[in-house]
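Step one of this worksheet: look at the structure below.
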Amino acid sequence: MVSDTPPTDTTPEAAPRAVCDDFRRFADYVPLMMWRSDPRGRALHHNECWLQFTGRPREEELGDGWRSGLHPDDFERHAQIAAEAFEAREPFSIEFRLRRNDGSYRWLLDTARPLVEDGTFTGYLGSCFDITDRKNAEDHAEAALVEKETLLAEIYHRVRNNLQVMVSLIGLYGRAAPEPCRGSFDALGQRVRAIALVQQHLHEAPHIASIDLRDYLHRLASGLGQLRRAGRIGVTVGGSGTSLVEPRTANALGMIVAEVVAECLDATAESVSCGIGIDIVAGVGEPVRLSIVSGSGEAAAAGKPGVPKLGPRLIAAYAAQAEIAVSGDATRAHPLDLQLPEARVHGPG
């Protein structure tokens with residue numbers, strides 16, 4: 001709320017003139033575009049900084065004359081926002097483009113407050129900042145983001161297509177291989193499908209640069225549960241707290257979870273159900289920890305004849321890629337414990 005200093009001359013004719021003179025003397029010293037309006041929203045004054053910007057005489061800017069410099073695309077929007085503010089007699093801010101003295105349009109941030117004198121609303125006082133550089137930077141950033149997302153989408157589709165080719169090749173070689181080797185080919189094919197699923201859920205994350213770990217693992221777990229032996233495997237995600245992780249951390253965790261699932265399936269018969277439990281502990285200011293237990297962990301630790309026991313080595317490799325500390329073997333006695341690096345973890349919000 002802003003109030004002008006009351007004029008010394010108290011006659012009705014002198015008061016508006018004195019107030020306007022006081023405002024004019026003050027405003028013309030301010031190195032900032034300023035304006036003042038009457039209660040109907042018509043311009044009473046623009047300071048010297050404003051006139052230097054537009055290059056127009058003061059007389060042409062008074063009333064609604066200044067609006068001729070508004071960009072045509074901003075005209076109606078500006079009028080609506082200003083009219084609503086005047087009706088409610090509330091402060092308002094608006095971004096719009098105004099024609100400069102060289103004919104180019106510049107983005108301005110206009111901030112205005114109502115003026116009240118002795119309880120009477122007398123109009124608005126506003127100031128404008130040139131924010132063109134900021135707007136251009138935002139436009140460039142938005143364009144770069146769109147380009148990045150397009151590139152990521154193209155990369156994802158290429159990776160997915162290549163993985164599908166790999167799965168087909170593995171299947172062909174598996175069917176042609178001797179019987180004792182076919183289990184290994186099948187396990188390899190399932191792992192490649194799991195890699196494709198991890199990449200799919202990373203690509204589908206709402207914010208690829210900062211991934212909600214709990215949401216990501218929930219979605220991934222659901223997909224893994226249907227990927228192989230549907231209906232006989234369940235992956236649950238529990239624990240406390242949430243965290244945001246970068247893509248490489250999410251990728252490594254996804255591959256680790258997929259490997260735990262694969263180990264469980266490789267170690268058990270087709271008729272046996274597998275249950276995987278994941279607990280996330282994400283305290284404020286503390287490293288995020290995950291504890292994973294396989295319901296058939298003891299069987300998985302033993303392995304199945306004919307299928308190489310590669311899980312521990314793969315999990316260690318995935319963890320090392322993202323600097324994740326790992327211990328345990330996913331059994332009830334020794335859960336697979338994963339501690340994310342502090343520098344790679346961000347708190348919510």
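As shown in the structure tokens, the chain order sets the letters A, B, ...; within each chain, residues go from 1, and ligands are also counted from 1 in the order they appear.
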Residue neighbourhood region 275-292 of chain A, 8 Å, only C-alpha atoms, exclusion window fewer than 5 positions, as a PyMOL selection string: chain A and resi 214+233-243+261+330+335-342+345+347
Take the selection from the previous step and output its residues with N, CA and C atoms, as a PDB file, in the first residue's frame.
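Generated file (part16.pdb):
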```
ATOM      1  N   ARG A 214      11.198 -44.211  -5.163  1.00  0.00           N
ATOM      2  CA  ARG A 214      10.101 -45.098  -4.750  1.00  0.00           C
ATOM      3  C   ARG A 214       9.135 -45.344  -5.919  1.00  0.00           C
ATOM      4  N   ILE A 233       5.552 -64.415  -9.253  1.00  0.00           N
ATOM      5  CA  ILE A 233       6.601 -63.584  -8.662  1.00  0.00           C
ATOM      6  C   ILE A 233       6.000 -62.253  -8.242  1.00  0.00           C
ATOM      7  N   GLY A 234       6.353 -61.819  -7.066  1.00  0.00           N
ATOM      8  CA  GLY A 234       5.869 -60.533  -6.577  1.00  0.00           C
ATOM      9  C   GLY A 234       7.011 -59.729  -5.978  1.00  0.00           C
ATOM     10  N   VAL A 235       7.064 -58.465  -6.326  1.00  0.00           N
ATOM     11  CA  VAL A 235       8.093 -57.570  -5.790  1.00  0.00           C
ATOM     12  C   VAL A 235       7.391 -56.442  -5.061  1.00  0.00           C
ATOM     13  N   THR A 236       7.658 -56.275  -3.790  1.00  0.00           N
ATOM     14  CA  THR A 236       7.037 -55.213  -2.991  1.00  0.00           C
ATOM     15  C   THR A 236       8.087 -54.191  -2.601  1.00  0.00           C
ATOM     16  N   VAL A 237       7.670 -52.930  -2.553  1.00  0.00           N
ATOM     17  CA  VAL A 237       8.557 -51.827  -2.182  1.00  0.00           C
ATOM     18  C   VAL A 237       7.974 -51.147  -0.951  1.00  0.00           C
ATOM     19  N   GLY A 238       8.723 -51.138   0.126  1.00  0.00           N
ATOM     20  CA  GLY A 238       8.253 -50.523   1.362  1.00  0.00           C
ATOM     21  C   GLY A 238       9.313 -49.635   1.966  1.00  0.00           C
ATOM     22  N   GLY A 239       9.189 -49.377   3.264  1.00  0.00           N
ATOM     23  CA  GLY A 239      10.153 -48.535   3.959  1.00  0.00           C
ATOM     24  C   GLY A 239       9.621 -47.146   4.203  1.00  0.00           C
ATOM     25  N   SER A 240      10.503 -46.244   4.584  1.00  0.00           N
ATOM     26  CA  SER A 240      10.112 -44.885   4.950  1.00  0.00           C
ATOM     27  C   SER A 240      10.921 -43.867   4.170  1.00  0.00           C
ATOM     28  N   GLY A 241      10.291 -42.701   3.931  1.00  0.00           N
ATOM     29  CA  GLY A 241      10.979 -41.607   3.261  1.00  0.00           C
ATOM     30  C   GLY A 241      10.999 -41.779   1.755  1.00  0.00           C
ATOM     31  N   THR A 242      11.318 -40.700   1.093  1.00  0.00           N
ATOM     32  CA  THR A 242      11.457 -40.695  -0.356  1.00  0.00           C
ATOM     33  C   THR A 242      12.778 -40.039  -0.718  1.00  0.00           C
ATOM     34  N   SER A 243      13.205 -40.249  -1.941  1.00  0.00           N
ATOM     35  CA  SER A 243      14.442 -39.609  -2.388  1.00  0.00           C
ATOM     36  C   SER A 243      14.414 -39.462  -3.893  1.00  0.00           C
ATOM     37  N   VAL A 261      15.746 -60.586  -9.019  1.00  0.00           N
ATOM     38  CA  VAL A 261      14.575 -61.319  -9.516  1.00  0.00           C
ATOM     39  C   VAL A 261      15.016 -62.486 -10.394  1.00  0.00           C
ATOM     40  N   ALA A 330      21.029 -61.117  -0.283  1.00  0.00           N
ATOM     41  CA  ALA A 330      19.573 -61.106  -0.474  1.00  0.00           C
ATOM     42  C   ALA A 330      18.872 -62.238   0.244  1.00  0.00           C
ATOM     43  N   PRO A 335      20.450 -59.797   4.227  1.00  0.00           N
ATOM     44  CA  PRO A 335      19.799 -59.022   3.159  1.00  0.00           C
ATOM     45  C   PRO A 335      20.840 -58.296   2.304  1.00  0.00           C
ATOM     46  N   LEU A 336      20.468 -58.094   1.050  1.00  0.00           N
ATOM     47  CA  LEU A 336      21.323 -57.305   0.165  1.00  0.00           C
ATOM     48  C   LEU A 336      21.186 -55.843   0.573  1.00  0.00           C
ATOM     49  N   ASP A 337      22.237 -55.278   1.116  1.00  0.00           N
ATOM     50  CA  ASP A 337      22.212 -53.901   1.628  1.00  0.00           C
ATOM     51  C   ASP A 337      22.916 -52.981   0.633  1.00  0.00           C
ATOM     52  N   LEU A 338      22.197 -51.938   0.208  1.00  0.00           N
ATOM     53  CA  LEU A 338      22.726 -50.980  -0.758  1.00  0.00           C
ATOM     54  C   LEU A 338      22.703 -49.587  -0.140  1.00  0.00           C
ATOM     55  N   GLN A 339      23.838 -48.924  -0.141  1.00  0.00           N
ATOM     56  CA  GLN A 339      23.905 -47.553   0.367  1.00  0.00           C
ATOM     57  C   GLN A 339      24.306 -46.626  -0.767  1.00  0.00           C
ATOM     58  N   LEU A 340      23.399 -45.659  -1.067  1.00  0.00           N
ATOM     59  CA  LEU A 340      23.666 -44.731  -2.165  1.00  0.00           C
ATOM     60  C   LEU A 340      24.666 -43.666  -1.731  1.00  0.00           C
ATOM     61  N   PRO A 341      25.491 -43.189  -2.635  1.00  0.00           N
ATOM     62  CA  PRO A 341      26.454 -42.130  -2.288  1.00  0.00           C
ATOM     63  C   PRO A 341      25.744 -40.842  -1.923  1.00  0.00           C
ATOM     64  N   GLU A 342      26.193 -40.161  -0.895  1.00  0.00           N
ATOM     65  CA  GLU A 342      25.530 -38.931  -0.430  1.00  0.00           C
ATOM     66  C   GLU A 342      25.482 -37.877  -1.512  1.00  0.00           C
ATOM     67  N   VAL A 345      22.484 -38.088  -4.003  1.00  0.00           N
ATOM     68  CA  VAL A 345      21.114 -38.173  -3.518  1.00  0.00           C
ATOM     69  C   VAL A 345      20.593 -36.798  -3.164  1.00  0.00           C
ATOM     70  N   GLY A 347      17.239 -34.535  -1.438  1.00  0.00           N
ATOM     71  CA  GLY A 347      16.026 -34.635  -0.649  1.00  0.00           C
ATOM     72  C   GLY A 347      14.818 -34.224  -1.452  1.00  0.00           C
TER      73      GLY A 347
END
```
Contacts of region 244-249 of chain A at 12 Å (only C-alpha atoms; same-chain gap of 3+ positions) as a ChimeraX atom specification: /A:198-199,201-217,241,252-256,282,284,287-288,318-325,338-349
Just list the residues in region 8-211 of chain A DSSP gives alpha helix (DSSP H) on the backbone, as an NGL selection string. :A and (14-27 or 48-54 or 58-61 or 75-88 or 132-176 or 179-203)
DSSP says strand (DSSP E) for which residues of region 14-149 of chain A? Put them as a PyMOL selection string? chain A and resi 33-37+43-46+92-99+105-117+120-130
At a cut-off of 7 Å, using only C-alpha atoms, what residues contact Thr111 (chain A)? Leave out same-chain residues fewer than 5 positions from it and give the result as a PyMOL selection string. chain A and resi 92-94+126-128
Write out the residues from the selection above, keeping C-alpha atoms, as an mmCIF file, in the first residue's frame.
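part36.cif was written with the following content:
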```cif
data_model
loop_
_atom_site.group_PDB
_atom_site.id
_atom_site.type_symbol
_atom_site.label_atom_id
_atom_site.label_comp_id
_atom_site.auth_asym_id
_atom_site.auth_seq_id
_atom_site.Cartn_x
_atom_site.Cartn_y
_atom_site.Cartn_z
ATOM 1 C CA PHE A 92 -0.453 -6.916 -9.523
ATOM 2 C CA SER A 93 2.517 -7.970 -11.605
ATOM 3 C CA ILE A 94 2.534 -8.714 -15.305
ATOM 4 C CA GLY A 126 3.970 1.082 -11.045
ATOM 5 C CA SER A 127 7.550 0.341 -12.041
ATOM 6 C CA CYS A 128 9.003 -1.731 -14.887
#
```
Point-to-point distance from CA of Ala177 (chain A) to CA of Arg158 (chain A), Å rounded to tenths: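 Computing the Euclidean distance for CA of Ala177 (chain A) and CA of Arg158 (chain A) yields 28.4 Å.
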At what distance in Å, to one decimal, does CA of Phe75 (chain A) lie from CA of Ile131 (chain A)? 18.0 Å
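Atom pair CA of Glu76 (chain A) / CA of Phe96 (chain A): separated by 10.7 Å.
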So that I can see what lies close to Trp66 (chain A), please list as a ChimeraX atom specification the residues with an atom at most 12 Å from it, counting only C-alpha atoms and leaving out residues fewer than 5 positions away in the same chain. /A:35-37,41-46,50-51,53-61,71,75,98-100
Would you save the residues from that selection as an mmCIF file, in the first residue's frame, using N, CA and C atoms?
```cif
data_model
loop_
_atom_site.group_PDB
_atom_site.id
_atom_site.type_symbol
_atom_site.label_atom_id
_atom_site.label_comp_id
_atom_site.auth_asym_id
_atom_site.auth_seq_id
_atom_site.Cartn_x
_atom_site.Cartn_y
_atom_site.Cartn_z
ATOM 1 N N TRP A 35 5.400 4.738 -13.667
ATOM 2 C CA TRP A 35 4.168 5.332 -14.180
ATOM 3 C C TRP A 35 3.177 5.500 -13.030
ATOM 4 N N ARG A 36 2.212 6.373 -13.281
ATOM 5 C CA ARG A 36 1.136 6.543 -12.309
ATOM 6 C C ARG A 36 -0.174 6.700 -13.075
ATOM 7 N N SER A 37 -1.246 6.132 -12.512
ATOM 8 C CA SER A 37 -2.554 6.193 -13.171
ATOM 9 C C SER A 37 -3.586 6.846 -12.258
ATOM 10 N N GLY A 41 -7.599 3.881 -14.257
ATOM 11 C CA GLY A 41 -6.533 3.159 -14.937
ATOM 12 C C GLY A 41 -5.886 3.927 -16.070
ATOM 13 N N ARG A 42 -6.241 5.181 -16.254
ATOM 14 C CA ARG A 42 -5.649 5.990 -17.319
ATOM 15 C C ARG A 42 -4.355 6.627 -16.811
ATOM 16 N N ALA A 43 -3.320 6.630 -17.655
ATOM 17 C CA ALA A 43 -2.007 7.112 -17.244
ATOM 18 C C ALA A 43 -2.021 8.615 -16.983
ATOM 19 N N LEU A 44 -1.503 9.006 -15.803
ATOM 20 C CA LEU A 44 -1.342 10.423 -15.460
ATOM 21 C C LEU A 44 0.080 10.896 -15.712
ATOM 22 N N HIS A 45 1.033 9.964 -15.605
ATOM 23 C CA HIS A 45 2.427 10.380 -15.725
ATOM 24 C C HIS A 45 3.312 9.179 -16.045
ATOM 25 N N HIS A 46 4.328 9.400 -16.880
ATOM 26 C CA HIS A 46 5.425 8.464 -17.094
ATOM 27 C C HIS A 46 6.719 9.240 -16.875
ATOM 28 N N TRP A 50 11.041 6.178 -18.595
ATOM 29 C CA TRP A 50 10.032 5.563 -19.475
ATOM 30 C C TRP A 50 10.051 6.242 -20.858
ATOM 31 N N LEU A 51 10.076 7.586 -20.843
ATOM 32 C CA LEU A 51 10.036 8.324 -22.103
ATOM 33 C C LEU A 51 11.289 8.076 -22.935
ATOM 34 N N PHE A 53 12.919 5.311 -22.959
ATOM 35 C CA PHE A 53 12.765 3.959 -23.489
ATOM 36 C C PHE A 53 11.877 3.952 -24.732
ATOM 37 N N THR A 54 10.717 4.594 -24.644
ATOM 38 C CA THR A 54 9.768 4.554 -25.761
ATOM 39 C C THR A 54 10.116 5.540 -26.867
ATOM 40 N N GLY A 55 10.822 6.646 -26.493
ATOM 41 C CA GLY A 55 11.150 7.665 -27.483
ATOM 42 C C GLY A 55 9.945 8.481 -27.913
ATOM 43 N N ARG A 56 8.883 8.481 -27.130
ATOM 44 C CA ARG A 56 7.659 9.206 -27.476
ATOM 45 C C ARG A 56 7.469 10.395 -26.530
ATOM 46 N N PRO A 57 6.822 11.460 -26.987
ATOM 47 C CA PRO A 57 6.539 12.603 -26.114
ATOM 48 C C PRO A 57 5.620 12.195 -24.969
ATOM 49 N N ARG A 58 5.751 12.893 -23.852
ATOM 50 C CA ARG A 58 4.936 12.586 -22.683
ATOM 51 C C ARG A 58 3.447 12.649 -23.018
ATOM 52 N N GLU A 59 3.051 13.644 -23.820
ATOM 53 C CA GLU A 59 1.637 13.834 -24.131
ATOM 54 C C GLU A 59 1.034 12.612 -24.836
ATOM 55 N N GLU A 60 1.838 11.943 -25.656
ATOM 56 C CA GLU A 60 1.330 10.785 -26.388
ATOM 57 C C GLU A 60 1.193 9.541 -25.500
ATOM 58 N N GLU A 61 1.846 9.549 -24.346
ATOM 59 C CA GLU A 61 1.791 8.399 -23.447
ATOM 60 C C GLU A 61 0.640 8.496 -22.443
ATOM 61 N N HIS A 71 2.830 -4.889 -27.446
ATOM 62 C CA HIS A 71 2.862 -5.913 -28.495
ATOM 63 C C HIS A 71 1.432 -6.408 -28.721
ATOM 64 N N PHE A 75 -1.748 -7.431 -25.805
ATOM 65 C CA PHE A 75 -2.696 -6.342 -25.553
ATOM 66 C C PHE A 75 -3.874 -6.797 -24.698
ATOM 67 N N LEU A 98 6.897 -4.255 -24.771
ATOM 68 C CA LEU A 98 6.650 -2.859 -25.122
ATOM 69 C C LEU A 98 7.667 -2.434 -26.183
ATOM 70 N N ARG A 99 7.190 -1.659 -27.165
ATOM 71 C CA ARG A 99 8.067 -1.222 -28.256
ATOM 72 C C ARG A 99 9.058 -0.182 -27.764
ATOM 73 N N ARG A 100 10.331 -0.426 -28.032
ATOM 74 C CA ARG A 100 11.392 0.497 -27.642
ATOM 75 C C ARG A 100 11.581 1.543 -28.725
#
```
